[in-house]
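The data block below is coords-v2.cif; it holds mmCIF, C-alpha atoms.
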```cif
data_start
#
loop_
_atom_site.label_atom_id
_atom_site.label_comp_id
_atom_site.auth_asym_id
_atom_site.auth_seq_id
_atom_site.Cartn_x
_atom_site.Cartn_y
_atom_site.Cartn_z
CA MET I 1 0.00 0.00 0.00
CA ASN I 2 1.05 3.55 -0.67
CA ASN I 3 2.93 4.73 2.45
CA ALA I 4 1.09 8.04 2.12
CA TYR I 5 -1.89 6.16 3.58
CA LYS I 6 -0.16 4.72 6.62
CA PRO I 7 0.22 6.80 9.80
CA ILE I 8 3.58 7.43 11.40
CA ILE I 9 3.53 6.45 15.09
CA LEU I 10 5.87 7.57 17.87
CA ARG I 11 5.27 5.31 20.87
CA GLU I 12 5.80 6.31 24.48
CA GLY I 13 9.23 5.31 25.72
CA THR I 14 10.76 5.07 22.25
CA TYR I 15 11.09 8.71 21.21
CA SER I 16 12.73 11.93 22.37
CA ALA I 17 11.75 15.59 22.09
CA LYS I 18 14.14 15.79 19.13
CA ASP I 19 12.21 13.01 17.38
CA ILE I 20 9.01 15.04 17.66
CA ASP I 21 10.76 18.15 16.35
CA ASN I 22 12.24 16.21 13.43
CA LEU I 23 8.83 14.81 12.54
CA LYS I 24 7.35 18.31 12.49
CA LYS I 25 10.20 19.61 10.32
CA ARG I 26 10.17 16.70 7.88
CA TYR I 27 6.43 16.46 7.27
CA ARG I 28 3.74 18.98 6.46
CA ILE I 29 1.66 19.59 9.58
CA TRP I 30 -1.67 21.24 8.76
CA GLU I 31 -3.12 20.75 12.23
CA GLU I 32 -1.82 19.56 15.59
CA ARG I 33 -4.21 18.18 18.19
CA ASP I 34 -3.07 17.44 21.73
CA ILE I 35 -5.77 15.33 23.37
CA TYR I 36 -3.46 13.53 25.77
CA GLU I 37 -4.55 15.10 29.08
CA ALA I 38 -8.24 15.08 28.09
CA GLN I 39 -7.95 11.37 27.39
CA LEU I 40 -6.16 10.82 30.70
CA LYS I 41 -9.23 12.27 32.41
CA GLU I 42 -11.47 9.94 30.42
CA TYR I 43 -9.27 7.00 31.32
CA PHE I 44 -9.39 7.88 35.02
CA GLU I 45 -13.19 8.06 34.80
CA ILE I 46 -13.63 4.59 33.28
CA THR I 47 -11.13 3.00 35.67
CA HIS I 48 -12.58 4.76 38.75
CA ALA I 49 -16.31 4.59 38.00
CA TYR I 50 -16.99 3.97 41.71
CA LEU I 51 -15.82 7.55 42.45
CA LEU I 52 -18.35 9.21 40.13
CA GLY I 53 -20.50 11.61 42.15
CA SER I 54 -18.08 11.44 45.08
CA PRO I 55 -16.96 14.73 46.69
CA ASN I 56 -13.41 13.39 46.41
CA TYR I 57 -13.58 12.83 42.66
CA ASP I 58 -11.84 16.04 41.52
CA ALA I 59 -9.07 15.69 44.12
CA GLU I 60 -8.45 12.05 43.11
CA LEU I 61 -8.48 12.97 39.43
CA ASN I 62 -5.93 15.76 39.93
CA ARG I 63 -3.74 13.45 41.99
CA TYR I 64 -3.84 10.86 39.21
CA ILE I 65 -3.00 13.38 36.47
CA LYS I 66 -0.08 14.78 38.47
CA SER I 67 1.30 11.30 39.21
CA VAL I 68 1.27 10.38 35.52
CA LEU I 69 2.82 13.64 34.35
CA SER I 70 5.45 13.69 37.12
CA VAL I 71 7.26 10.73 35.55
CA ASP I 72 10.46 12.06 34.01
CA ARG I 73 9.86 11.07 30.38
CA LEU I 74 7.74 12.12 27.44
CA LYS I 75 4.23 10.74 27.79
CA GLY I 76 1.73 9.35 25.34
CA ASP I 77 1.92 8.35 21.69
CA TRP I 78 2.01 10.59 18.63
CA ALA I 79 0.22 9.72 15.38
CA TYR I 80 0.82 11.61 12.13
CA PHE I 81 -1.61 11.12 9.23
CA PRO I 82 0.16 12.03 5.94
CA TRP I 83 -3.03 12.37 3.86
CA SER I 84 -4.48 15.10 6.09
CA GLY I 85 -1.36 16.62 7.67
CA LEU I 86 -2.88 15.97 11.10
CA LEU I 87 -0.60 15.27 14.09
CA VAL I 88 -2.28 13.89 17.21
CA HIS I 89 -0.84 13.47 20.70
CA LEU I 90 -2.85 10.72 22.42
CA ILE I 91 -2.64 8.18 25.20
CA ARG I 92 -0.88 4.85 24.71
CA GLN I 93 -2.34 2.16 22.48
CA GLU I 94 -3.55 -0.08 25.33
CA GLU I 95 -5.26 2.80 27.13
CA TYR I 96 -6.73 4.10 23.87
CA PHE I 97 -8.22 0.69 23.12
CA ALA I 98 -9.73 0.52 26.62
CA LEU I 99 -11.32 3.92 26.06
CA ARG I 100 -12.78 3.33 22.63
CA THR I 101 -14.26 -0.05 23.57
CA ASN I 102 -15.46 1.00 27.03
CA ARG I 103 -19.11 1.29 25.98
CA ASN I 104 -18.98 -2.30 24.72
CA ARG I 105 -18.35 -3.54 28.25
CA ASN I 106 -20.74 -6.12 29.72
CA LEU I 107 -22.37 -6.50 26.29
CA ILE I 108 -18.98 -7.90 25.30
CA THR I 109 -16.81 -9.30 28.10
CA ALA I 110 -13.17 -8.29 28.48
CA GLU I 111 -12.07 -11.77 27.38
CA GLU I 112 -14.32 -11.65 24.32
CA GLN I 113 -13.16 -8.15 23.41
CA HIS I 114 -9.53 -9.24 23.55
CA LEU I 115 -10.23 -12.23 21.33
CA LEU I 116 -12.13 -10.08 18.82
CA SER I 117 -9.40 -7.45 18.79
CA GLU I 118 -6.71 -9.98 17.87
CA SER I 119 -8.53 -11.33 14.80
CA CYS I 120 -7.54 -11.11 11.15
CA ILE I 121 -10.43 -10.15 8.86
CA GLY I 122 -10.54 -10.44 5.07
CA ILE I 123 -12.77 -8.13 3.03
CA ILE I 124 -13.09 -8.50 -0.73
CA GLY I 125 -14.92 -5.60 -2.38
CA LEU I 126 -14.87 -2.16 -0.76
CA SER I 127 -18.11 -0.52 -1.74
CA VAL I 128 -20.40 -2.14 0.82
CA GLY I 129 -17.21 -3.65 2.26
CA SER I 130 -15.84 -0.24 3.25
CA ASN I 131 -18.74 0.21 5.65
CA VAL I 132 -18.23 -3.29 7.02
CA ALA I 133 -14.54 -2.53 7.61
CA THR I 134 -15.09 0.68 9.57
CA THR I 135 -17.94 -0.78 11.63
CA LEU I 136 -15.73 -3.70 12.61
CA VAL I 137 -13.06 -1.24 13.76
CA TYR I 138 -15.59 0.87 15.68
CA SER I 139 -16.64 -2.37 17.41
CA GLY I 140 -13.08 -3.18 18.44
CA ILE I 141 -13.00 -6.17 16.08
CA GLY I 142 -9.87 -6.86 14.09
CA LYS I 143 -6.15 -6.34 14.48
CA VAL I 144 -5.16 -7.19 10.90
CA PHE I 145 -7.29 -6.40 7.87
CA LYS I 146 -6.70 -7.95 4.47
CA LEU I 147 -8.42 -5.72 1.90
CA ALA I 148 -8.90 -6.37 -1.82
CA GLU I 149 -10.28 -3.80 -4.29
CA PHE I 150 -9.12 -2.42 -7.65
CA ASP I 151 -11.70 0.32 -8.22
CA VAL I 152 -11.76 4.06 -7.49
CA LEU I 153 -14.49 6.02 -5.73
CA GLU I 154 -16.88 7.59 -8.21
CA THR I 155 -19.57 10.17 -7.57
CA THR I 156 -22.33 7.58 -8.06
CA ASN I 157 -20.89 5.60 -5.14
CA LEU I 158 -21.79 8.40 -2.74
CA ASN I 159 -25.33 7.05 -2.37
CA ARG I 160 -23.94 4.26 -0.17
CA ILE I 161 -20.23 4.83 0.67
CA ARG I 162 -19.24 7.15 3.51
CA ALA I 163 -16.87 9.59 1.81
CA ARG I 164 -16.45 13.26 0.94
CA ILE I 165 -16.63 15.09 -2.38
CA ASP I 166 -12.87 15.77 -2.35
CA GLN I 167 -12.22 12.03 -2.13
CA ILE I 168 -13.86 11.20 -5.44
CA TYR I 169 -11.46 9.28 -7.76
CA ILE I 170 -9.30 8.14 -4.87
CA LYS I 171 -8.80 4.38 -4.78
CA LYS I 172 -11.47 2.76 -2.62
CA ILE I 173 -8.80 0.68 -0.93
CA ASP I 174 -6.81 3.79 0.06
CA LEU I 175 -9.98 5.52 1.25
CA THR I 176 -10.94 2.53 3.40
CA ALA I 177 -7.41 2.26 4.83
CA ARG I 178 -7.49 5.95 5.77
CA GLN I 179 -10.83 5.51 7.55
CA ILE I 180 -9.59 2.47 9.48
CA TYR I 181 -6.41 4.26 10.57
CA GLU I 182 -8.33 7.38 11.60
CA ILE I 183 -10.29 5.22 14.05
CA ASP I 184 -7.40 2.98 15.04
CA PRO I 185 -3.97 4.25 13.96
CA PHE I 186 -2.44 1.07 15.40
CA ALA I 187 -4.29 -1.28 13.01
CA GLU I 188 -2.37 -3.45 10.54
CA ILE I 189 -3.60 -3.41 6.94
CA ILE I 190 -2.53 -5.69 4.11
CA THR I 191 -3.81 -4.51 0.74
CA PHE I 192 -4.41 -6.11 -2.64
CA GLU I 193 -4.75 -2.99 -4.77
CA GLU I 194 -5.37 -4.73 -8.07
CA GLY I 195 -8.23 -6.75 -6.64
CA LEU I 196 -7.89 -10.52 -6.62
CA SER I 197 -6.82 -12.95 -9.32
CA LYS I 198 -6.75 -16.72 -8.95
CA ASP I 199 -3.02 -16.46 -8.17
CA LEU I 200 -3.46 -13.77 -5.51
CA LEU I 201 -6.29 -15.66 -3.82
CA THR I 202 -3.81 -18.10 -2.33
CA SER I 203 -1.84 -15.26 -0.74
CA PHE I 204 -5.02 -13.58 0.51
CA LEU I 205 -6.48 -16.70 2.11
CA THR I 206 -3.58 -18.89 3.18
CA HIS I 207 -0.54 -16.69 3.84
CA GLU I 208 -0.10 -15.60 7.44
CA PRO I 209 -1.89 -14.02 9.04
CA LYS I 210 -4.78 -16.16 7.82
CA PRO I 211 -8.24 -14.53 7.94
CA LYS I 212 -10.60 -15.89 10.60
CA VAL I 213 -13.54 -14.83 8.45
CA ILE I 214 -13.90 -13.41 4.94
CA PHE I 215 -16.49 -10.97 3.68
CA GLU I 216 -17.16 -11.44 -0.02
CA ILE I 217 -19.01 -8.51 -1.57
CA ILE I 218 -18.07 -8.54 -5.25
CA ASP I 219 -19.83 -8.98 -8.59
CA GLY I 220 -17.36 -11.29 -10.37
CA PHE I 221 -19.01 -14.72 -10.44
CA GLU I 222 -15.93 -16.69 -11.43
CA MET I 223 -13.94 -15.12 -8.59
CA LYS I 224 -16.76 -15.85 -6.12
CA ILE I 225 -16.45 -19.53 -6.94
CA HIS I 226 -12.64 -19.68 -6.96
CA LEU I 227 -12.70 -17.92 -3.57
CA ARG I 228 -15.08 -20.51 -2.13
CA ALA I 229 -13.09 -23.42 -3.49
CA LEU I 230 -9.96 -22.18 -1.72
CA ALA I 231 -11.82 -21.08 1.44
CA ARG I 232 -13.35 -24.55 1.69
CA GLU I 233 -9.93 -26.13 1.33
CA ALA I 234 -8.44 -23.78 3.94
CA GLY I 235 -11.40 -24.05 6.32
CA ILE I 236 -12.23 -20.32 6.38
CA PRO I 237 -15.86 -19.15 6.76
CA VAL I 238 -17.30 -16.77 4.16
CA ILE I 239 -20.03 -14.17 4.62
CA MET I 240 -21.65 -12.80 1.44
CA ILE I 241 -23.87 -9.74 1.40
CA THR I 242 -26.32 -9.01 -1.44
CA ASN I 243 -28.40 -5.82 -1.34
CA LEU I 244 -31.71 -6.16 -3.18
CA GLY I 245 -33.61 -2.89 -2.98
CA ASP I 246 -35.25 -2.88 0.45
CA ARG I 247 -34.10 -6.45 1.08
CA VAL I 248 -30.78 -7.93 2.16
CA LEU I 249 -29.69 -11.47 1.35
CA ILE I 250 -27.00 -12.82 3.66
CA ASP I 251 -25.13 -16.06 3.08
CA VAL I 252 -22.98 -17.60 5.81
CA GLU I 253 -20.85 -20.51 4.65
CA ARG I 254 -19.06 -22.29 7.50
CA TYR I 255 -16.23 -23.97 5.65
CA ASP I 256 -14.43 -24.00 9.00
CA LEU I 257 -17.03 -26.48 10.25
CA ASN I 258 -17.73 -28.44 7.07
CA ARG I 259 -15.19 -28.79 4.29
CA ASN I 260 -17.74 -30.65 2.18
CA LEU I 261 -20.24 -27.81 2.23
CA GLU I 262 -21.75 -26.96 -1.16
CA PHE I 263 -21.00 -23.47 -2.49
CA PHE I 264 -23.63 -20.89 -1.51
CA ASN I 265 -25.07 -23.53 0.88
CA GLY I 266 -26.23 -25.47 -2.16
CA ARG I 267 -28.72 -22.72 -3.00
CA ALA I 268 -27.16 -22.19 -6.43
CA GLY I 269 -27.33 -25.84 -7.45
CA ARG I 270 -25.17 -26.58 -10.50
CA LEU I 271 -24.85 -22.89 -11.37
CA PRO I 272 -21.31 -22.42 -9.91
CA TYR I 273 -19.97 -25.31 -11.95
CA GLU I 274 -21.67 -24.01 -15.11
CA MET I 275 -19.98 -20.65 -14.56
CA LEU I 276 -16.57 -22.29 -14.24
CA ALA I 277 -17.17 -24.36 -17.33
CA HIS I 278 -18.12 -21.28 -19.37
CA PRO I 279 -15.90 -18.39 -18.12
CA ASP I 280 -16.42 -16.41 -21.36
CA ILE I 281 -20.05 -15.62 -20.58
CA THR I 282 -21.74 -12.52 -22.02
CA THR I 283 -22.94 -9.52 -20.01
CA ALA I 284 -26.53 -10.66 -20.45
CA GLU I 285 -25.62 -14.09 -19.10
CA LYS I 286 -23.89 -12.48 -16.12
CA HIS I 287 -27.08 -10.62 -15.26
CA LYS I 288 -29.05 -13.87 -15.56
CA TYR I 289 -26.59 -15.62 -13.27
CA ALA I 290 -26.92 -12.78 -10.75
CA VAL I 291 -30.69 -13.19 -10.70
CA ASP I 292 -30.46 -16.99 -10.48
CA LEU I 293 -27.93 -16.80 -7.68
CA ALA I 294 -30.06 -14.44 -5.60
CA GLY I 295 -33.29 -16.26 -6.47
CA THR I 296 -36.01 -14.55 -8.47
CA SER I 297 -38.51 -14.85 -5.64
CA HIS I 298 -36.14 -12.98 -3.29
CA ILE I 299 -35.70 -9.92 -5.51
CA PRO I 300 -38.24 -7.07 -5.25
CA PRO I 301 -40.00 -6.22 -8.55
CA ARG I 302 -38.25 -2.85 -8.99
CA ALA I 303 -34.83 -4.39 -8.38
CA LEU I 304 -35.60 -7.26 -10.76
CA GLU I 305 -36.75 -4.87 -13.49
CA SER I 306 -33.56 -2.86 -13.01
CA VAL I 307 -31.33 -5.79 -13.96
CA ALA I 308 -32.73 -5.79 -17.51
CA GLU I 309 -32.00 -2.06 -17.79
CA ILE I 310 -28.27 -2.31 -17.07
CA GLY I 311 -26.44 -1.18 -20.18
CA LYS I 312 -29.60 0.48 -21.49
CA THR I 313 -30.91 3.10 -19.06
CA LEU I 314 -28.74 2.11 -16.08
CA VAL I 315 -24.95 1.83 -15.73
CA GLY I 316 -25.04 -0.51 -12.74
CA ARG I 317 -27.21 -2.37 -10.25
CA PRO I 318 -29.12 0.07 -8.01
CA GLN I 319 -28.48 -0.13 -4.27
CA LEU I 320 -29.75 1.89 -1.32
CA ALA I 321 -27.78 3.28 1.62
CA SER I 322 -30.50 2.14 4.04
CA THR I 323 -30.03 -1.56 3.22
CA VAL I 324 -26.26 -1.20 2.85
CA MET I 325 -26.06 0.13 6.41
CA THR I 326 -28.54 -2.50 7.61
CA ALA I 327 -26.42 -5.22 6.00
CA THR I 328 -23.32 -3.76 7.64
CA GLY I 329 -24.80 -4.14 11.11
CA PHE I 330 -25.83 -7.73 10.47
CA SER I 331 -22.39 -8.49 9.01
CA VAL I 332 -20.54 -7.36 12.12
CA TYR I 333 -22.97 -9.27 14.34
CA LEU I 334 -22.38 -12.47 12.35
CA ALA I 335 -18.60 -12.00 12.36
CA LYS I 336 -18.71 -11.59 16.14
CA LYS I 337 -20.65 -14.85 16.49
CA ILE I 338 -18.11 -16.74 14.36
CA LEU I 339 -15.02 -15.25 15.99
CA LEU I 340 -16.28 -15.98 19.51
CA GLY I 341 -17.19 -19.56 18.64
CA HIS I 342 -20.91 -19.07 19.22
CA GLU I 343 -23.35 -21.33 17.42
CA LEU I 344 -24.04 -20.11 13.90
CA PRO I 345 -24.97 -22.55 11.14
CA SER I 346 -24.25 -22.35 7.44
CA ARG I 347 -27.40 -20.76 6.11
CA SER I 348 -28.94 -18.06 3.92
CA TRP I 349 -31.16 -15.36 5.39
CA LEU I 350 -33.42 -12.85 3.61
CA ILE I 351 -34.16 -9.65 5.53
CA ASP I 352 -37.19 -7.99 3.95
CA LEU I 353 -37.75 -4.55 5.48
CA ASP I 354 -41.32 -4.35 4.18
CA LYS I 355 -42.21 -7.56 6.02
CA LEU I 356 -40.15 -6.65 9.05
CA PHE I 357 -42.07 -3.40 9.52
CA ASP I 358 -45.47 -4.82 8.62
CA LYS I 359 -48.13 -3.92 11.20
CA GLU I 360 -48.52 -7.60 12.09
CA ASN I 361 -44.96 -7.56 13.43
CA SER I 362 -45.46 -4.52 15.67
CA LEU I 363 -45.42 -4.86 19.46
#
```

Go ahead and express the file in the form of structure tokens.
Amino acid sequence: MNNAYKPIILREGTYSAKDIDNLKKRYRIWEERDIYEAQLKEYFEITHAYLLGSPNYDAELNRYIKSVLSVDRLKGDWAYFPWSGLLVHLIRQEEYFALRTNRNRNLITAEEQHLLSESCIGIIGLSVGSNVATTLVYSGIGKVFKLAEFDVLETTNLNRIRARIDQIYIKKIDLTARQIYEIDPFAEIITFEEGLSKDLLTSFLTHEPKPKVIFEIIDGFEMKIHLRALAREAGIPVIMITNLGDRVLIDVERYDLNRNLEFFNGRAGRLPYEMLAHPDITTAEKHKYAVDLAGTSHIPPRALESVAEIGKTLVGRPQLASTVMTATGFSVYLAKKILLGHELPSRSWLIDLDKLFDKENSL
């Protein structure tokens, strides 16, 4: 990955005042934010919750701050983000993680949070996948991210991808990496900037660190099947997200539990093998395969009619931000279940918002 999209970190105990000065001289600093002491106060609060409301709280807080700052060395970490020119002085990585996952506590135990935070996650396709990536990071899930995407952000993507107007025509993979680092500058990201070929799939799936779960959110049918063949061999579960208007189709394939599992949970029948046997399919055949794979009965009428209009009145398959964000939440929930070893079978689920919010389902 382009080093311009990787933060420069100075860690407490490894740098001097001269190192900070050199960093400021060498790189363009557009803005400097020192949030170190403010974060120390936050950290004291979450580690001394029993003192909240106590008349001694302020005195104890001041005593804590003074004791930390009285140590004769430079405190905290520094993170410089080359793409924005932002330099941030913050608390150490361990304390920062404790702060940003504090509101997960009890809903996720400390042991579970640690396990989730050490995971390697693979994401192939960074349109919907970009939202999945950032939501995983917000949830404290993932230490290493393997990302694959060849495309750039276009204006038409802004109906479902969280980005700004000045980021149009930036590579989606660089944009996603930036967003991950801006939440967690200590994350590790391995990128496949040309997307995935059959040759690169082996590196993506089987080279260390090996993904614990893979999100597959791409359109290329042949690559979907090659991915599953290798994931099944390697015993890596795959989650596939398909947005269908106001519906979301989710496939969970637990190749980690069953290495004889049929592709797409058997829902596609012989279709995957037909695709492999005829890789030179036409655009019209690709659209037919897309419909067959999703299942005609699962696709809302407007979305189904839209498929026939691609290349005529439409340049691509319509998607809505509402179901993309809905799918993102479900994706992170399912990844959490898999990573924590909770029961989750190989299965396909259809979330139909019209049925979900039907009056018969109201409380």

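Residues matched by the PyMOL selection byres ((chain I and resi 349) around 8) in this structure: Leu249, Ile250, Asp251, Arg347, Ser348, Leu350 and Ile351 of chain I.
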
query = Taking (-7.5, 18.9, 15.6) in the file's coordinates, which residues come within 8 Å, counting only C-alpha atoms, written as a ChimeraX atom specification?
reply = /I:31-34,86-88

request  = Provide the atom CA of I:Ala38 to atom CA of I:Ala133 distance in Å, to one decimal place.
outcome  =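 Atom CA of I:Ala38 sits 27.7 Å away from atom CA of I:Ala133.
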
inquiry  = Which residues are near stretch 153-161 of chain I? Cut-off 9 Å, only C-alpha atoms, ignore same chain within fewer than 5 positions. Put them as a VMD selection string.
reply    = chain I and resid 126 to 128 130 to 131 167 to 172 175 319 to 322 324 to 325

Nearest-residue call for I:Arg164, choices I:Leu52, I:Tyr96, I:Tyr57, I:Gln179, using only C-alpha atoms =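 Nearest to I:Arg164: I:Gln179.
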
message = One decimal, in Å: what's the spacing between atom CA of I:Leu196 and atom CA of I:Ala148?
response =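 Computing it gives 6.4 Å between the two atoms.
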
So that I can check the surroundings of I:Gly195, please list as an mmCIF file with C-alpha atoms, keeping the file's coordinate frame every protein, DNA and RNA residue that reaches within 7 Å of it, counting all atoms listed in the file and ignoring chain neighbours fewer than 2 positions away.
```cif
data_model
loop_
_atom_site.group_PDB
_atom_site.id
_atom_site.type_symbol
_atom_site.label_atom_id
_atom_site.label_comp_id
_atom_site.auth_asym_id
_atom_site.auth_seq_id
_atom_site.Cartn_x
_atom_site.Cartn_y
_atom_site.Cartn_z
ATOM 1 C CA ALA I 148 -8.900 -6.370 -1.820
ATOM 2 C CA GLU I 149 -10.280 -3.800 -4.290
ATOM 3 C CA PHE I 150 -9.120 -2.420 -7.650
ATOM 4 C CA PHE I 192 -4.410 -6.110 -2.640
ATOM 5 C CA GLU I 193 -4.750 -2.990 -4.770
ATOM 6 C CA SER I 197 -6.820 -12.950 -9.320
#
```

task = Can you give me, as JSON, numbers by chain, the residues this file yields under the PyMOL selection byres ((chain I and resi 139) around 12)?
result = {"I": [97, 98, 99, 100, 101, 102, 103, 104, 105, 107, 108, 112, 113, 114, 116, 117, 132, 133, 134, 135, 136, 137, 138, 140, 141, 142, 143, 180, 183, 184, 328, 329, 331, 332, 333, 335, 336]}

request  = Using the chain letters and residue numbers of this document, give as a VMD selection string the residues selected by the PyMOL selection byres ((chain I and resi 39) around 12).
outcome  = chain I and resid 34 to 38 40 to 46 65 76 to 77 88 to 93 95 to 100

Protein and nucleic acid residues near (-15.6, -23.8, 5.9) (cut-off 7 Å, only C-alpha atoms) as a ChimeraX atom specification = /I:231-232,235-237,253-259

query = Hey, which of I:Leu51, I:Ala303, I:Ile121, I:Leu74 ends up closest to I:Glu12? Count only C-alpha atoms.
reply = I:Leu74

task = Mind checking which residues fall within 9 Å of I:Asp354, counting all atoms listed in the file, ignoring those fewer than 4 positions away in the same chain, and posting them as a PyMOL selection string?
result = chain I and resi 246-247+358

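Counting from atom CA of I:Gly341, the distance to atom CA of I:Phe215 is 17.3 Å.
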
Write out as a PDB file with C-alpha atoms, in the frame of the given file each polymer residue whose atoms come within 12 Å of I:Trp83, counting only C-alpha atoms; drop sequence neighbours fewer than 3 positions from it.
```pdb
ATOM      1  CA  ASN I   2       1.050   3.550  -0.670  1.00  0.00           C
ATOM      2  CA  ASN I   3       2.930   4.730   2.450  1.00  0.00           C
ATOM      3  CA  ALA I   4       1.090   8.040   2.120  1.00  0.00           C
ATOM      4  CA  TYR I   5      -1.890   6.160   3.580  1.00  0.00           C
ATOM      5  CA  LYS I   6      -0.160   4.720   6.620  1.00  0.00           C
ATOM      6  CA  PRO I   7       0.220   6.800   9.800  1.00  0.00           C
ATOM      7  CA  ILE I   8       3.580   7.430  11.400  1.00  0.00           C
ATOM      8  CA  TYR I  27       6.430  16.460   7.270  1.00  0.00           C
ATOM      9  CA  ARG I  28       3.740  18.980   6.460  1.00  0.00           C
ATOM     10  CA  ILE I  29       1.660  19.590   9.580  1.00  0.00           C
ATOM     11  CA  TRP I  30      -1.670  21.240   8.760  1.00  0.00           C
ATOM     12  CA  GLU I  31      -3.120  20.750  12.230  1.00  0.00           C
ATOM     13  CA  TYR I  80       0.820  11.610  12.130  1.00  0.00           C
ATOM     14  CA  LEU I  86      -2.880  15.970  11.100  1.00  0.00           C
ATOM     15  CA  LEU I  87      -0.600  15.270  14.090  1.00  0.00           C
ATOM     16  CA  GLN I 167     -12.220  12.030  -2.130  1.00  0.00           C
ATOM     17  CA  ILE I 170      -9.300   8.140  -4.870  1.00  0.00           C
ATOM     18  CA  ASP I 174      -6.810   3.790   0.060  1.00  0.00           C
ATOM     19  CA  LEU I 175      -9.980   5.520   1.250  1.00  0.00           C
ATOM     20  CA  ALA I 177      -7.410   2.260   4.830  1.00  0.00           C
ATOM     21  CA  ARG I 178      -7.490   5.950   5.770  1.00  0.00           C
ATOM     22  CA  GLN I 179     -10.830   5.510   7.550  1.00  0.00           C
ATOM     23  CA  TYR I 181      -6.410   4.260  10.570  1.00  0.00           C
ATOM     24  CA  GLU I 182      -8.330   7.380  11.600  1.00  0.00           C
TER      25      GLU I 182
END
```

key: Exercise: I:Gly125 partners within 6 Å, all atoms listed in the file, chain neighbours under 4 positions left out, as a ChimeraX atom specification   = /I:129,149,217-218

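Distances to I:Thr191 were evaluated for I:Asn106, I:Val248, I:Ala79, I:Ile123 using only C-alpha atoms, and the minimum falls at I:Ile123.
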
Closest of I:Leu293, I:Ile124, I:Ala49, I:Ile299 to I:Phe221 - atom-to-atom distances counting only C-alpha atoms =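 Between I:Leu293, I:Ile124, I:Ala49, I:Ile299, the residue approaching I:Phe221 most closely is I:Leu293.
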